[in-house]
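Colleague: Structure provided below as structure tokens; questions to follow.
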2 protein chains.
Amino acid sequence: MKIRLIISGKPKDPVTANAIDRYVSKIKKFIPFELSVMQDPRNLSDPARYSQEEWRLLEKKISPDDYVILLDERGKSYSSLEFSAKLQQWMMQRKKSVVFIIGGPYGFTAEANDCAHETLSLSKMTLQHDIASLVFTEQLYRAFTIMRGEKYHH
Amino acid sequence: MKIRLIISGKPKDPVTANAIDRYVSKIKKFIPFELSVMQDPRNLSDPARYSQEEWRLLEKKISPDDYVILLDERGKSYSSLEFSAKLQQWMMQRKKSVVFIIGGPYGFTAEANDCAHETLSLSKMTLQHDIASLVFTEQLYRAFTIMRGEKYHH
């Protein structure tokens with residue numbers, strides 16, 4: 001199984017970007033992983049049009065074989081143990097490519113929600129974009145340490 | 001109203017500590033705020049004893065007038081809007097001092113839970129200690145921008 005994380009919009013804060021990169025390196029020790037940062041749509045102040053254009057760009061990065069998971073505060077929430085078990089389940093189901101998507105400030109379109117296989121919530125709270133990416137990469141790393149029985153997770 | 005955040009255990013990661021400090025400065029523009037970092041109990045590998053000793057140290061930092069909120073993944077979860085409304089409610093109730101506590105790796109003791117007025121969950125997932133502090137300070141900042149009708153929160 002290969003995992004991709006697509007982030008719509010570059011991290012604005014180099015400090016957090018640095019912290020994210022360190023988790024990316026740690027995840028790669030466990031599984032083929034690719035972080036892909038997408039330029040956010042420009043010159044669109046209307047939220048609905050922004051989300052539409054964003055999804056048009058995101059769709060180009062997804063292939064029919066991908067198992068697509070949107071990160072959204074209205075999604076399903078898991079404990080770290082449950083999320084780790086979920087990943088393990090996907091590996092056992094021999095999914096080839098799992099793609100997580102962190103969207104921009106205005107949420108996903110109905111079309112995006114229809115296309116996605118699952119929607120995952122990191123928090124009921126609205127996390128700042130860079131912080132959401134940081135929380136997610138840390139959870140992904142944590143999930144693999146749980147699977148391998150490493151000491152990281154108490 | 002004054003807000004204090006007590007973190008048990010110094011941030012291990014200077015990069016995240018730096019990001020936390022920036023939110024602390026931003027919060028201080030809205031409300032008297034104090035971040036107090038407590039040395040974690042040393043030489044205690046037993047989780048139960050660790051949590052006991054940790055609470056003994058934390059208790060010294062709390063006064064009877066404090067309204068105490070523990071941050072714990074098993075606590076109540078709020079959306080950012082609900083959390084902002086909650087803070088506003090406390091201000092209207094004229095609470096003098098609200099104290100949030102981020103504990104160490106082994107969770108809080110039953111005694112700590114009995115002492116606390118509320119328990120708040122940032123995520124059902126177990127967040128790494130420094131990341132939990134970062135998420136919380138950003139949420140506190142966000143809560144005030146919501147209260148003031150600023151553009152930060154979409």
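Labeling convention for the structure tokens: chains A, B, ... as they appear, residues from 1 per chain, ligands from 1 in order of appearance.
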Could you make a table, as a tab-separated table, of the residues of chain B that have an atom within 9 Å of an atom of chain A, each with its nearest atom pair and distance in Å to one decimal, counting only C-alpha atoms, in chain and number order?

Modeller:
```
residue	atom	partner	partner_atom	distance
B:Asp13	CA	A:Ala19	CA	9.0
B:Val15	CA	A:Val15	CA	6.1
B:Thr16	CA	A:Thr16	CA	7.1
B:Asn18	CA	A:Val15	CA	7.8
B:Ala19	CA	A:Val15	CA	6.9
B:Glu73	CA	A:Ser79	CA	8.6
B:Ser77	CA	A:Lys124	CA	6.7
B:Tyr78	CA	A:Lys124	CA	6.1
B:Ser79	CA	A:Met125	CA	4.3
B:Ser80	CA	A:Met125	CA	4.7
B:Leu81	CA	A:Met125	CA	8.1
B:Glu82	CA	A:Met125	CA	8.9
B:Phe83	CA	A:Met125	CA	8.4
B:Pro105	CA	A:His154	CA	6.8
B:Tyr106	CA	A:His154	CA	6.9
B:Ser121	CA	A:Ser123	CA	8.8
B:Leu122	CA	A:Ser123	CA	6.3
B:Ser123	CA	A:Ser123	CA	4.7
B:Lys124	CA	A:Ser79	CA	4.9
B:Met125	CA	A:Ser79	CA	4.3
B:Thr126	CA	A:Ser80	CA	5.9
B:Leu127	CA	A:Val135	CA	7.3
B:Gln128	CA	A:Glu138	CA	7.5
B:Ile131	CA	A:Val135	CA	7.0
B:Ala132	CA	A:Val135	CA	8.8
B:Leu134	CA	A:Ile131	CA	8.0
B:Val135	CA	A:Ile131	CA	7.0
B:Glu138	CA	A:Gln128	CA	7.5
B:Gln139	CA	A:Leu127	CA	7.6
B:Arg142	CA	A:Gln128	CA	9.0
B:His153	CA	A:Thr126	CA	8.3
B:His154	CA	A:Pro105	CA	6.8
```

Colleague: Any chance you could fit chain A onto chain B with least squares, all Cα atoms in order, and share the moved copy as a short mmCIF file (atom, residue, chain, number, x, y, z; two decimals) with N, CA and C atoms, in the first residue's frame?

Modeller:
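And here is the file that came out, selection-v4.cif:
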```cif
data_model
loop_
_atom_site.label_atom_id
_atom_site.label_comp_id
_atom_site.auth_asym_id
_atom_site.auth_seq_id
_atom_site.Cartn_x
_atom_site.Cartn_y
_atom_site.Cartn_z
N MET A 1 -11.72 38.79 33.35
CA MET A 1 -11.32 37.38 33.43
C MET A 1 -9.87 37.23 33.00
N LYS A 2 -9.18 36.35 33.71
CA LYS A 2 -7.80 36.05 33.37
C LYS A 2 -7.73 34.57 32.99
N ILE A 3 -6.94 34.26 32.00
CA ILE A 3 -6.79 32.85 31.60
C ILE A 3 -5.36 32.40 31.83
N ARG A 4 -5.25 31.19 32.40
CA ARG A 4 -3.93 30.59 32.54
C ARG A 4 -3.92 29.25 31.84
N LEU A 5 -2.80 28.94 31.22
CA LEU A 5 -2.63 27.61 30.65
C LEU A 5 -1.42 26.99 31.34
N ILE A 6 -1.66 25.88 32.03
CA ILE A 6 -0.54 25.18 32.66
C ILE A 6 -0.23 23.93 31.84
N ILE A 7 1.02 23.84 31.39
CA ILE A 7 1.45 22.68 30.62
C ILE A 7 2.40 21.87 31.50
N SER A 8 2.05 20.62 31.71
CA SER A 8 2.95 19.76 32.49
C SER A 8 3.99 19.16 31.57
N GLY A 9 5.22 19.60 31.73
CA GLY A 9 6.29 19.10 30.86
C GLY A 9 6.63 20.12 29.79
N LYS A 10 7.89 20.51 29.76
CA LYS A 10 8.36 21.49 28.77
C LYS A 10 8.17 20.97 27.36
N PRO A 11 7.82 21.85 26.41
CA PRO A 11 7.80 21.41 25.01
C PRO A 11 9.17 20.86 24.64
N LYS A 12 9.19 19.67 24.06
CA LYS A 12 10.48 19.04 23.73
C LYS A 12 11.06 19.61 22.45
N ASP A 13 10.16 20.15 21.64
CA ASP A 13 10.55 20.55 20.31
C ASP A 13 10.56 22.09 20.20
N PRO A 14 11.77 22.68 20.05
CA PRO A 14 11.85 24.15 19.98
C PRO A 14 11.06 24.75 18.83
N VAL A 15 10.91 23.98 17.75
CA VAL A 15 10.16 24.47 16.59
C VAL A 15 8.70 24.70 16.97
N THR A 16 8.09 23.70 17.62
CA THR A 16 6.69 23.84 18.02
C THR A 16 6.55 24.88 19.14
N ALA A 17 7.53 24.90 20.06
CA ALA A 17 7.50 25.87 21.16
C ALA A 17 7.44 27.29 20.61
N ASN A 18 8.18 27.53 19.55
CA ASN A 18 8.20 28.82 18.87
C ASN A 18 6.80 29.17 18.32
N ALA A 19 6.17 28.18 17.70
CA ALA A 19 4.83 28.39 17.15
C ALA A 19 3.82 28.68 18.28
N ILE A 20 3.96 27.97 19.40
CA ILE A 20 3.08 28.19 20.55
C ILE A 20 3.25 29.63 21.06
N ASP A 21 4.50 30.06 21.20
CA ASP A 21 4.78 31.41 21.72
C ASP A 21 4.12 32.50 20.88
N ARG A 22 4.08 32.25 19.59
CA ARG A 22 3.46 33.27 18.73
C ARG A 22 1.97 33.39 18.99
N TYR A 23 1.28 32.24 19.25
CA TYR A 23 -0.14 32.32 19.59
C TYR A 23 -0.34 32.94 20.97
N VAL A 24 0.58 32.68 21.89
CA VAL A 24 0.48 33.27 23.23
C VAL A 24 0.49 34.80 23.11
N SER A 25 1.39 35.33 22.29
CA SER A 25 1.45 36.78 22.10
C SER A 25 0.15 37.31 21.51
N LYS A 26 -0.42 36.55 20.58
CA LYS A 26 -1.67 36.99 19.95
C LYS A 26 -2.83 36.96 20.94
N ILE A 27 -2.88 35.95 21.82
CA ILE A 27 -3.96 35.83 22.81
C ILE A 27 -3.90 37.00 23.78
N LYS A 28 -2.67 37.40 24.15
CA LYS A 28 -2.48 38.48 25.13
C LYS A 28 -3.03 39.81 24.66
N LYS A 29 -3.22 39.94 23.34
CA LYS A 29 -3.82 41.18 22.83
C LYS A 29 -5.31 41.23 23.15
N PHE A 30 -5.89 40.07 23.44
CA PHE A 30 -7.33 40.01 23.72
C PHE A 30 -7.66 39.95 25.21
N ILE A 31 -6.80 39.28 26.01
CA ILE A 31 -7.16 38.99 27.40
C ILE A 31 -5.89 38.75 28.22
N PRO A 32 -5.93 39.07 29.51
CA PRO A 32 -4.76 38.72 30.34
C PRO A 32 -4.55 37.21 30.30
N PHE A 33 -3.38 36.79 29.89
CA PHE A 33 -3.12 35.36 29.67
C PHE A 33 -1.72 35.02 30.16
N GLU A 34 -1.63 33.89 30.80
CA GLU A 34 -0.33 33.45 31.30
C GLU A 34 -0.10 31.98 30.95
N LEU A 35 1.03 31.71 30.35
CA LEU A 35 1.41 30.32 30.07
C LEU A 35 2.42 29.90 31.11
N SER A 36 2.13 28.83 31.79
CA SER A 36 3.07 28.38 32.81
C SER A 36 3.44 26.92 32.54
N VAL A 37 4.72 26.71 32.34
CA VAL A 37 5.20 25.37 32.01
C VAL A 37 5.79 24.73 33.27
N MET A 38 5.30 23.54 33.60
CA MET A 38 5.72 22.89 34.83
C MET A 38 6.71 21.77 34.51
N GLN A 39 7.75 21.71 35.28
CA GLN A 39 8.73 20.62 35.15
C GLN A 39 8.00 19.29 35.35
N ASP A 40 8.23 18.31 34.51
CA ASP A 40 7.54 17.04 34.75
C ASP A 40 8.24 16.22 35.83
N PRO A 41 7.46 15.36 36.51
CA PRO A 41 8.04 14.58 37.60
C PRO A 41 9.16 13.69 37.05
N ARG A 42 10.24 13.64 37.76
CA ARG A 42 11.40 12.89 37.27
C ARG A 42 11.45 11.48 37.86
N ASN A 43 12.17 10.64 37.17
CA ASN A 43 12.49 9.30 37.69
C ASN A 43 11.26 8.49 38.06
N LEU A 44 10.17 8.69 37.34
CA LEU A 44 8.99 7.90 37.64
C LEU A 44 8.56 7.18 36.36
N SER A 45 8.82 5.90 36.32
CA SER A 45 8.46 5.17 35.11
C SER A 45 7.08 4.51 35.25
N ASP A 46 6.59 4.41 36.48
CA ASP A 46 5.28 3.80 36.67
C ASP A 46 4.18 4.83 36.35
N PRO A 47 3.33 4.55 35.36
CA PRO A 47 2.33 5.54 34.93
C PRO A 47 1.44 6.07 36.07
N ALA A 48 0.95 5.18 36.93
CA ALA A 48 0.05 5.62 38.00
C ALA A 48 0.77 6.57 38.96
N ARG A 49 2.00 6.20 39.33
CA ARG A 49 2.76 7.06 40.25
C ARG A 49 3.13 8.37 39.59
N TYR A 50 3.42 8.32 38.29
CA TYR A 50 3.75 9.54 37.54
C TYR A 50 2.57 10.52 37.60
N SER A 51 1.37 10.00 37.29
CA SER A 51 0.18 10.87 37.27
C SER A 51 -0.12 11.42 38.66
N GLN A 52 0.08 10.60 39.68
CA GLN A 52 -0.15 11.05 41.06
C GLN A 52 0.78 12.19 41.42
N GLU A 53 2.06 12.00 41.14
CA GLU A 53 3.06 13.01 41.48
C GLU A 53 2.83 14.28 40.64
N GLU A 54 2.46 14.08 39.39
CA GLU A 54 2.17 15.21 38.52
C GLU A 54 1.03 16.05 39.09
N TRP A 55 -0.03 15.39 39.55
CA TRP A 55 -1.17 16.13 40.09
C TRP A 55 -0.81 16.85 41.39
N ARG A 56 0.06 16.21 42.20
CA ARG A 56 0.52 16.84 43.44
C ARG A 56 1.21 18.17 43.11
N LEU A 57 2.02 18.18 42.04
CA LEU A 57 2.71 19.40 41.63
C LEU A 57 1.75 20.41 41.01
N LEU A 58 0.80 19.91 40.22
CA LEU A 58 -0.16 20.81 39.56
C LEU A 58 -1.05 21.51 40.59
N GLU A 59 -1.48 20.76 41.59
CA GLU A 59 -2.38 21.30 42.61
C GLU A 59 -1.82 22.55 43.29
N LYS A 60 -0.50 22.57 43.44
CA LYS A 60 0.15 23.72 44.09
C LYS A 60 -0.04 25.00 43.28
N LYS A 61 -0.32 24.82 42.00
CA LYS A 61 -0.44 25.99 41.12
C LYS A 61 -1.87 26.48 40.99
N ILE A 62 -2.79 25.76 41.65
CA ILE A 62 -4.21 26.11 41.53
C ILE A 62 -4.70 26.69 42.85
N SER A 63 -5.50 27.76 42.74
CA SER A 63 -6.10 28.31 43.96
C SER A 63 -7.60 28.02 43.96
N PRO A 64 -8.25 28.10 45.13
CA PRO A 64 -9.68 27.73 45.22
C PRO A 64 -10.58 28.57 44.31
N ASP A 65 -10.11 29.77 43.94
CA ASP A 65 -10.92 30.64 43.08
C ASP A 65 -10.85 30.25 41.60
N ASP A 66 -9.90 29.40 41.26
CA ASP A 66 -9.72 29.07 39.84
C ASP A 66 -10.83 28.15 39.33
N TYR A 67 -11.24 28.44 38.12
CA TYR A 67 -12.17 27.54 37.42
C TYR A 67 -11.30 26.63 36.55
N VAL A 68 -11.25 25.34 36.91
CA VAL A 68 -10.23 24.44 36.36
C VAL A 68 -10.78 23.55 35.24
N ILE A 69 -10.10 23.58 34.10
CA ILE A 69 -10.51 22.76 32.96
C ILE A 69 -9.33 21.87 32.53
N LEU A 70 -9.54 20.57 32.60
CA LEU A 70 -8.50 19.64 32.14
C LEU A 70 -8.66 19.38 30.65
N LEU A 71 -7.55 19.31 29.94
CA LEU A 71 -7.61 18.91 28.53
C LEU A 71 -7.31 17.41 28.44
N ASP A 72 -8.27 16.68 27.94
CA ASP A 72 -8.16 15.22 27.94
C ASP A 72 -8.98 14.67 26.77
N GLU A 73 -8.41 13.70 26.06
CA GLU A 73 -9.10 13.20 24.86
C GLU A 73 -10.47 12.57 25.17
N ARG A 74 -10.69 12.20 26.45
CA ARG A 74 -12.00 11.64 26.82
C ARG A 74 -12.99 12.70 27.28
N GLY A 75 -12.59 13.97 27.20
CA GLY A 75 -13.45 15.07 27.64
C GLY A 75 -14.53 15.40 26.63
N LYS A 76 -15.20 16.52 26.88
CA LYS A 76 -16.27 16.96 26.00
C LYS A 76 -15.65 17.71 24.82
N SER A 77 -16.15 17.42 23.63
CA SER A 77 -15.58 18.13 22.48
C SER A 77 -16.54 19.22 22.01
N TYR A 78 -15.96 20.31 21.56
CA TYR A 78 -16.71 21.46 21.09
C TYR A 78 -16.24 21.83 19.69
N SER A 79 -17.12 22.44 18.92
CA SER A 79 -16.65 23.08 17.70
C SER A 79 -15.98 24.39 18.12
N SER A 80 -15.25 25.01 17.20
CA SER A 80 -14.59 26.29 17.53
C SER A 80 -15.62 27.34 17.93
N LEU A 81 -16.78 27.34 17.27
CA LEU A 81 -17.84 28.31 17.60
C LEU A 81 -18.38 28.05 19.00
N GLU A 82 -18.59 26.79 19.32
CA GLU A 82 -19.11 26.43 20.66
C GLU A 82 -18.10 26.79 21.75
N PHE A 83 -16.82 26.56 21.46
CA PHE A 83 -15.78 26.87 22.45
C PHE A 83 -15.71 28.38 22.68
N SER A 84 -15.84 29.14 21.61
CA SER A 84 -15.85 30.60 21.72
C SER A 84 -17.04 31.06 22.57
N ALA A 85 -18.21 30.45 22.34
CA ALA A 85 -19.41 30.81 23.09
C ALA A 85 -19.24 30.46 24.58
N LYS A 86 -18.58 29.34 24.82
CA LYS A 86 -18.31 28.88 26.19
C LYS A 86 -17.43 29.91 26.93
N LEU A 87 -16.40 30.38 26.28
CA LEU A 87 -15.52 31.39 26.88
C LEU A 87 -16.29 32.68 27.19
N GLN A 88 -17.13 33.05 26.24
CA GLN A 88 -17.91 34.27 26.42
C GLN A 88 -18.86 34.12 27.61
N GLN A 89 -19.43 32.93 27.73
CA GLN A 89 -20.33 32.63 28.85
C GLN A 89 -19.58 32.79 30.19
N TRP A 90 -18.36 32.26 30.26
CA TRP A 90 -17.57 32.38 31.49
C TRP A 90 -17.28 33.85 31.80
N MET A 91 -17.02 34.64 30.77
CA MET A 91 -16.76 36.06 30.98
C MET A 91 -18.01 36.75 31.52
N MET A 92 -19.17 36.37 30.99
CA MET A 92 -20.43 36.97 31.44
C MET A 92 -20.78 36.53 32.86
N GLN A 93 -20.36 35.33 33.21
CA GLN A 93 -20.58 34.83 34.58
C GLN A 93 -19.57 35.45 35.55
N ARG A 94 -18.73 36.32 35.03
CA ARG A 94 -17.70 37.02 35.81
C ARG A 94 -16.75 36.08 36.54
N LYS A 95 -16.41 35.00 35.89
CA LYS A 95 -15.36 34.14 36.45
C LYS A 95 -14.06 34.95 36.44
N LYS A 96 -13.32 34.87 37.55
CA LYS A 96 -12.11 35.69 37.64
C LYS A 96 -10.91 35.03 36.96
N SER A 97 -10.82 33.72 37.18
CA SER A 97 -9.63 33.04 36.71
C SER A 97 -9.98 31.65 36.15
N VAL A 98 -9.71 31.48 34.88
CA VAL A 98 -9.97 30.20 34.23
C VAL A 98 -8.61 29.55 33.94
N VAL A 99 -8.46 28.31 34.40
CA VAL A 99 -7.18 27.63 34.25
C VAL A 99 -7.34 26.35 33.42
N PHE A 100 -6.65 26.30 32.30
CA PHE A 100 -6.64 25.09 31.47
C PHE A 100 -5.36 24.31 31.78
N ILE A 101 -5.47 23.00 31.86
CA ILE A 101 -4.29 22.19 32.17
C ILE A 101 -4.08 21.10 31.11
N ILE A 102 -2.88 21.10 30.52
CA ILE A 102 -2.47 20.03 29.61
C ILE A 102 -1.53 19.12 30.37
N GLY A 103 -1.97 17.90 30.61
CA GLY A 103 -1.21 16.97 31.44
C GLY A 103 -0.13 16.23 30.68
N GLY A 104 0.51 15.34 31.36
CA GLY A 104 1.60 14.56 30.79
C GLY A 104 1.11 13.33 30.04
N PRO A 105 2.02 12.39 29.78
CA PRO A 105 1.73 11.27 28.88
C PRO A 105 0.75 10.23 29.43
N TYR A 106 0.50 10.23 30.76
CA TYR A 106 -0.28 9.13 31.31
C TYR A 106 -1.68 9.52 31.77
N GLY A 107 -2.13 10.70 31.40
CA GLY A 107 -3.49 11.10 31.75
C GLY A 107 -3.61 11.57 33.19
N PHE A 108 -4.80 12.01 33.55
CA PHE A 108 -5.03 12.57 34.87
C PHE A 108 -5.53 11.51 35.85
N THR A 109 -5.26 11.73 37.13
CA THR A 109 -5.76 10.83 38.18
C THR A 109 -7.25 11.09 38.42
N ALA A 110 -7.90 10.16 39.12
CA ALA A 110 -9.30 10.34 39.49
C ALA A 110 -9.45 11.60 40.35
N GLU A 111 -8.47 11.82 41.21
CA GLU A 111 -8.48 13.01 42.07
C GLU A 111 -8.49 14.29 41.24
N ALA A 112 -7.68 14.32 40.18
CA ALA A 112 -7.62 15.48 39.29
C ALA A 112 -8.98 15.69 38.64
N ASN A 113 -9.57 14.61 38.18
CA ASN A 113 -10.89 14.71 37.54
C ASN A 113 -11.96 15.20 38.51
N ASP A 114 -11.85 14.81 39.77
CA ASP A 114 -12.82 15.27 40.78
C ASP A 114 -12.66 16.76 41.05
N CYS A 115 -11.42 17.21 41.02
CA CYS A 115 -11.13 18.61 41.34
C CYS A 115 -11.56 19.55 40.20
N ALA A 116 -11.46 19.06 38.97
CA ALA A 116 -11.71 19.92 37.81
C ALA A 116 -13.20 20.24 37.64
N HIS A 117 -13.48 21.42 37.12
CA HIS A 117 -14.86 21.81 36.85
C HIS A 117 -15.35 21.29 35.50
N GLU A 118 -14.42 21.18 34.56
CA GLU A 118 -14.81 20.66 33.25
C GLU A 118 -13.62 19.91 32.64
N THR A 119 -13.92 19.06 31.67
CA THR A 119 -12.86 18.39 30.92
C THR A 119 -13.14 18.58 29.43
N LEU A 120 -12.15 19.08 28.75
CA LEU A 120 -12.29 19.47 27.34
C LEU A 120 -11.42 18.58 26.46
N SER A 121 -12.00 18.10 25.36
CA SER A 121 -11.23 17.29 24.42
C SER A 121 -10.97 18.06 23.13
N LEU A 122 -9.70 18.14 22.74
CA LEU A 122 -9.35 18.80 21.47
C LEU A 122 -9.55 17.85 20.30
N SER A 123 -9.42 16.56 20.58
CA SER A 123 -9.53 15.54 19.55
C SER A 123 -9.73 14.20 20.23
N LYS A 124 -10.42 13.30 19.54
CA LYS A 124 -10.55 11.94 20.07
C LYS A 124 -9.20 11.23 19.97
N MET A 125 -8.36 11.73 19.07
CA MET A 125 -7.03 11.17 18.89
C MET A 125 -6.10 11.66 20.01
N THR A 126 -5.09 10.86 20.29
CA THR A 126 -4.09 11.25 21.27
C THR A 126 -3.08 12.15 20.59
N LEU A 127 -3.08 13.44 20.94
CA LEU A 127 -2.15 14.36 20.29
C LEU A 127 -0.81 14.34 21.04
N GLN A 128 0.26 14.42 20.29
CA GLN A 128 1.58 14.57 20.89
C GLN A 128 1.54 15.84 21.75
N HIS A 129 2.24 15.81 22.87
CA HIS A 129 2.15 16.86 23.90
C HIS A 129 2.34 18.28 23.36
N ASP A 130 3.41 18.50 22.62
CA ASP A 130 3.66 19.85 22.07
C ASP A 130 2.57 20.24 21.07
N ILE A 131 2.10 19.28 20.30
CA ILE A 131 1.08 19.57 19.29
C ILE A 131 -0.25 19.92 19.98
N ALA A 132 -0.56 19.23 21.09
CA ALA A 132 -1.78 19.56 21.84
C ALA A 132 -1.72 21.01 22.33
N SER A 133 -0.55 21.43 22.82
CA SER A 133 -0.40 22.81 23.29
C SER A 133 -0.58 23.80 22.14
N LEU A 134 -0.05 23.43 20.99
CA LEU A 134 -0.17 24.29 19.81
C LEU A 134 -1.63 24.39 19.36
N VAL A 135 -2.30 23.24 19.28
CA VAL A 135 -3.70 23.22 18.86
C VAL A 135 -4.53 24.07 19.84
N PHE A 136 -4.27 23.90 21.13
CA PHE A 136 -5.07 24.62 22.12
C PHE A 136 -4.86 26.13 22.04
N THR A 137 -3.60 26.58 21.97
CA THR A 137 -3.37 28.03 21.92
C THR A 137 -3.97 28.63 20.65
N GLU A 138 -3.92 27.86 19.56
CA GLU A 138 -4.53 28.39 18.33
C GLU A 138 -6.05 28.49 18.49
N GLN A 139 -6.67 27.51 19.17
CA GLN A 139 -8.12 27.54 19.38
C GLN A 139 -8.53 28.68 20.29
N LEU A 140 -7.69 28.97 21.27
CA LEU A 140 -7.99 30.06 22.19
C LEU A 140 -7.93 31.39 21.42
N TYR A 141 -6.90 31.54 20.62
CA TYR A 141 -6.79 32.73 19.77
C TYR A 141 -8.00 32.83 18.83
N ARG A 142 -8.32 31.71 18.18
CA ARG A 142 -9.45 31.66 17.26
C ARG A 142 -10.75 32.05 17.97
N ALA A 143 -10.94 31.55 19.19
CA ALA A 143 -12.17 31.83 19.94
C ALA A 143 -12.38 33.33 20.12
N PHE A 144 -11.28 34.05 20.40
CA PHE A 144 -11.41 35.51 20.59
C PHE A 144 -11.65 36.23 19.27
N THR A 145 -11.05 35.72 18.18
CA THR A 145 -11.32 36.37 16.89
C THR A 145 -12.79 36.17 16.51
N ILE A 146 -13.36 35.02 16.89
CA ILE A 146 -14.78 34.75 16.62
C ILE A 146 -15.64 35.72 17.43
N MET A 147 -15.31 35.86 18.72
CA MET A 147 -16.05 36.77 19.61
C MET A 147 -16.06 38.20 19.08
N ARG A 148 -14.91 38.62 18.53
CA ARG A 148 -14.78 39.99 18.05
C ARG A 148 -15.22 40.16 16.60
N GLY A 149 -15.67 39.08 16.00
CA GLY A 149 -16.11 39.16 14.61
C GLY A 149 -14.98 39.43 13.63
N GLU A 150 -13.77 39.01 13.97
CA GLU A 150 -12.64 39.21 13.05
C GLU A 150 -12.66 38.15 11.95
N LYS A 151 -11.92 38.42 10.88
CA LYS A 151 -12.02 37.59 9.68
C LYS A 151 -11.31 36.23 9.77
N TYR A 152 -10.50 36.04 10.79
CA TYR A 152 -9.64 34.84 10.89
C TYR A 152 -10.38 33.53 10.68
N HIS A 153 -11.54 33.39 11.33
CA HIS A 153 -12.31 32.14 11.26
C HIS A 153 -13.33 32.19 10.12
N HIS A 154 -13.32 31.18 9.25
CA HIS A 154 -14.31 31.12 8.16
C HIS A 154 -15.53 30.34 8.61
#
```

Colleague: Just list the residues in chain B DSSP gives helix (DSSP H, G or I) on the backbone, as a VMD selection string.

Modeller: chain B and resid 14 to 28 47 to 59 80 to 92 110 to 115 129 to 147

Colleague: Could you please take those selected residues and save C-alpha atoms as a compact mmCIF listing (two decimals), in the first residue's frame?

Modeller:
```txt
# COMPACT_ATOMS: atom_id res chain seq x y z
CA PRO B 14 11.86 24.14 19.99
CA VAL B 15 10.16 24.47 16.59
CA THR B 16 6.70 23.84 18.04
CA ALA B 17 7.52 25.88 21.16
CA ASN B 18 8.20 28.81 18.87
CA ALA B 19 4.82 28.39 17.14
CA ILE B 20 3.09 28.19 20.55
CA ASP B 21 4.79 31.41 21.72
CA ARG B 22 3.45 33.28 18.72
CA TYR B 23 -0.14 32.32 19.59
CA VAL B 24 0.49 33.27 23.22
CA SER B 25 1.46 36.80 22.09
CA LYS B 26 -1.68 37.00 19.95
CA ILE B 27 -3.95 35.84 22.80
CA LYS B 28 -2.47 38.47 25.11
CA PRO B 47 2.33 5.53 34.93
CA ALA B 48 0.05 5.62 38.01
CA ARG B 49 2.76 7.07 40.24
CA TYR B 50 3.74 9.54 37.54
CA SER B 51 0.18 10.88 37.26
CA GLN B 52 -0.15 11.06 41.06
CA GLU B 53 3.06 13.01 41.47
CA GLU B 54 2.16 15.21 38.51
CA TRP B 55 -1.18 16.12 40.10
CA ARG B 56 0.51 16.84 43.44
CA LEU B 57 2.70 19.40 41.63
CA LEU B 58 -0.18 20.82 39.57
CA GLU B 59 -2.38 21.29 42.62
CA SER B 80 -14.60 26.31 17.53
CA LEU B 81 -17.83 28.32 17.61
CA GLU B 82 -19.11 26.44 20.65
CA PHE B 83 -15.78 26.87 22.44
CA SER B 84 -15.85 30.60 21.73
CA ALA B 85 -19.41 30.82 23.10
CA LYS B 86 -18.30 28.89 26.18
CA LEU B 87 -15.51 31.40 26.88
CA GLN B 88 -17.93 34.28 26.43
CA GLN B 89 -20.33 32.63 28.85
CA TRP B 90 -17.57 32.38 31.49
CA MET B 91 -16.75 36.05 30.99
CA MET B 92 -20.41 36.96 31.43
CA ALA B 110 -9.30 10.33 39.49
CA GLU B 111 -8.47 13.01 42.07
CA ALA B 112 -7.63 15.47 39.30
CA ASN B 113 -10.89 14.70 37.54
CA ASP B 114 -12.80 15.26 40.79
CA CYS B 115 -11.12 18.61 41.33
CA HIS B 129 2.15 16.83 23.90
CA ASP B 130 3.66 19.83 22.06
CA ILE B 131 1.07 19.57 19.29
CA ALA B 132 -1.78 19.56 21.84
CA SER B 133 -0.40 22.81 23.29
CA LEU B 134 -0.17 24.31 19.81
CA VAL B 135 -3.71 23.24 18.86
CA PHE B 136 -5.07 24.64 22.12
CA THR B 137 -3.37 28.03 21.93
CA GLU B 138 -4.54 28.40 18.32
CA GLN B 139 -8.11 27.54 19.38
CA LEU B 140 -7.98 30.07 22.20
CA TYR B 141 -6.79 32.74 19.78
CA ARG B 142 -9.45 31.68 17.25
CA ALA B 143 -12.17 31.83 19.95
CA PHE B 144 -11.40 35.50 20.59
CA THR B 145 -11.31 36.38 16.89
CA ILE B 146 -14.78 34.76 16.62
CA MET B 147 -16.04 36.77 19.61
```
